[in-house]
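Read through the structure below, which is laid out as structure tokens, and then see the notes.
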Amino acid sequence: GGIGFYVAKLLCRVGLTVILPSRPDLSHEAASAAAAISAAVPDAAVVVPEVPLDLGSFASVRAFGAHMRASGSAPIDTLVLNAGRGGSSSGANAASVDGAEVIMQVNLLGHALLAAELLPLLNRSGFVRVAAQSSGARFNAREADLRADLGSSLAAVARASPWDQYSKSKAGACLLASAIQRRLAAAGLDGAAVASDPGLAATGVNVQHDLAATLGGRLPDTKALHDAAAHHAADGALPLAL
């Protein structure tokens with residue numbers, strides 16, 4: 001029921017075939033999402049690849065990309081970079097299987113690698129669209145922080161909280177979209193790469209943020225913040241889908 005589900009549902013409704021990767025050991029999630037989309041959109045075309053995708057593992061991203069290139073997949077016209085992992089201002093940073101800070105790897109570095117792995121399929125599109133999910137948290141990131149080590153190791157970001165890392169990753173999503181746009185133009189491809197902002201949507205990532213406490217407001221918890229100020233995840237999906 002997060003933003004990604006509603007983006008996939010909207011894209012199916014306008015007639016696109018949607019490739020919905022599953023996470024390792026969580027194939028039931030993707031299968032359930034595909035079934036729910038098909039129930040709501042009877043003519044929906046949803047494909048769950050056999051090879052899972054874990055953005056917190058560079059090896060997994062490369063394996064997924066290799067599978068997609070080898071599977072005889074049709075050109076990819078639209079690539080949505082939406083997956084996100086949150087963190088609070090009081091939490092502790094965690095490392096990915098590659099030793100990098102995991103929020104930055106999942107939210108930014110893994111997405112950048114995924115785009116590179118799928119580039120041959122994107123290049124075959126008549127008009128390619130790449131949409132990267134940002135967030136209002138990007139305004140918390142400072143330019144100097146984005147020029148420093150973003151999280152190649154936990155030691156590199158020892159003074160940053162998980163919320164700091166999330167904020168930098170969402171600023172980085174805008175820079176990633178800009179970089180992809182420049183490369184599309186340089187390659188002579190028709191298309192556009194953009195970043196979007198879902199606004200304050202009532203999704204699980206805000207629970208990971210412990211957002212009410214992280215923002216320092218008077219509300220007792222993130223559920224109360226959602227009830228007071230957030231919109232539905234389906235509304236948060238609209239900027240990314242459009």
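How things are named: the first chain in the structure tokens is A, the next is B, and so on; residues count from 1 in each chain; ligands count from 1 in the order shown.
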task: May I have the residues within 9 Å of Phe64 in chain A as an MDAnalysis selection string, using only C-alpha atoms and disregarding those fewer than 2 positions away in the same chain?
output: chainID A and resid 21 49 51:54 59:62 66:69 114 117
Filtered DSSP result for range 8-242 of chain A, state strand (DSSP E or B), as a PyMOL selection string: chain A and resi 17-19+45-47+78-81+95+101+128-133+191-196+201+231
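In this structure, CA of Ala187 in chain A sits 23.6 Å away from CA of Gln133 in chain A.
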Please produce, as JSON lines, a per-residue contact table for range 33-102 of chain A versus range 134-149 of chain A (criterion: any atom at most 12 Å away, only C-alpha atoms considered), showing the nearest atom pair and its distance in Å to one decimal, sorted by chain then residue number.
```
{"residue": "A:Val80", "atom": "CA", "partner": "A:Ser134", "partner_atom": "CA", "distance": 11.6}
{"residue": "A:Leu81", "atom": "CA", "partner": "A:Ser134", "partner_atom": "CA", "distance": 9.4}
{"residue": "A:Asn82", "atom": "CA", "partner": "A:Ser134", "partner_atom": "CA", "distance": 8.3}
{"residue": "A:Ala83", "atom": "CA", "partner": "A:Ser134", "partner_atom": "CA", "distance": 10.3}
{"residue": "A:Gly84", "atom": "CA", "partner": "A:Ser134", "partner_atom": "CA", "distance": 9.5}
{"residue": "A:Gly86", "atom": "CA", "partner": "A:Ala137", "partner_atom": "CA", "distance": 10.7}
{"residue": "A:Gly87", "atom": "CA", "partner": "A:Ala137", "partner_atom": "CA", "distance": 11.6}
{"residue": "A:Ser88", "atom": "CA", "partner": "A:Ala137", "partner_atom": "CA", "distance": 11.8}
{"residue": "A:Ser89", "atom": "CA", "partner": "A:Asn140", "partner_atom": "CA", "distance": 11.9}
{"residue": "A:Ala100", "atom": "CA", "partner": "A:Asp149", "partner_atom": "CA", "distance": 10.6}
{"residue": "A:Glu101", "atom": "CA", "partner": "A:Asp149", "partner_atom": "CA", "distance": 10.6}
```
- request: Apply DSSP to the backbone of this structure and, from range 94-234 of chain A, keep only the residues in helix (DSSP H, G or I); write these as a PyMOL selection string.
  value: chain A and resi 102-117+119-123+136-140+143-147+155-157+162-186+204-209+211-215+222-229+233-234
message: I'd like the interatomic distance between CA of Ala212 in chain A and CA of Ser96 in chain A, to a tenth of an Å.
response: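 Atom-to-atom, CA of Ala212 in chain A to CA of Ser96 in chain A, that is 26.3 Å.
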- request: For Gly56 in chain A, list every protein, DNA or RNA residue within 7 Å, evaluated using only C-alpha atoms, and leave out those in the same chain fewer than 4 positions away; present the list as a PyMOL selection string.
  value: chain A and resi 96+102+105-106+110
Once you have the residues from the selection above, write them out as a JSON list (two decimals), in the first residue's frame, restricted to C-alpha atoms.
```
[["chain", "number", "residue", "atom", "x", "y", "z"],
["A", 96, "SER", "CA", 24.84, -2.82, 3.97],
["A", 102, "VAL", "CA", 22.65, 1.31, 4.01],
["A", 105, "GLN", "CA", 23.05, 2.64, -0.76],
["A", 106, "VAL", "CA", 19.36, 1.75, -1.00],
["A", 110, "GLY", "CA", 21.66, 1.26, -5.69]]
```
message: Just to confirm, what's the straight-line distance from CA of Leu121 in chain A to CA of Ser73 in chain A in Å (one decimal)?
response: 7.7 Å
message: as number ranges by chain, please: the residues near Leu215 in chain A (cut-off 12 Å, only C-alpha atoms, same-chain neighbours under 2 positions excluded).
response: A: 88-90, 137, 140, 163, 206, 209-213, 217-222, 225
message: Neighbouring residues of Val128 in chain A were defined as those with any atom within 8 Å, considering only C-alpha atoms; residues of the same chain fewer than 6 positions away were excluded. Please report them as an MDAnalysis selection string.
response: chainID A and resid 76:78 122 189:192
query: Excluding same-chain residues fewer than 6 positions from Ala30 in chain A, what lies within 7 Å of it counting only C-alpha atoms, as a ChimeraX atom specification?
result: /A:20-22,48
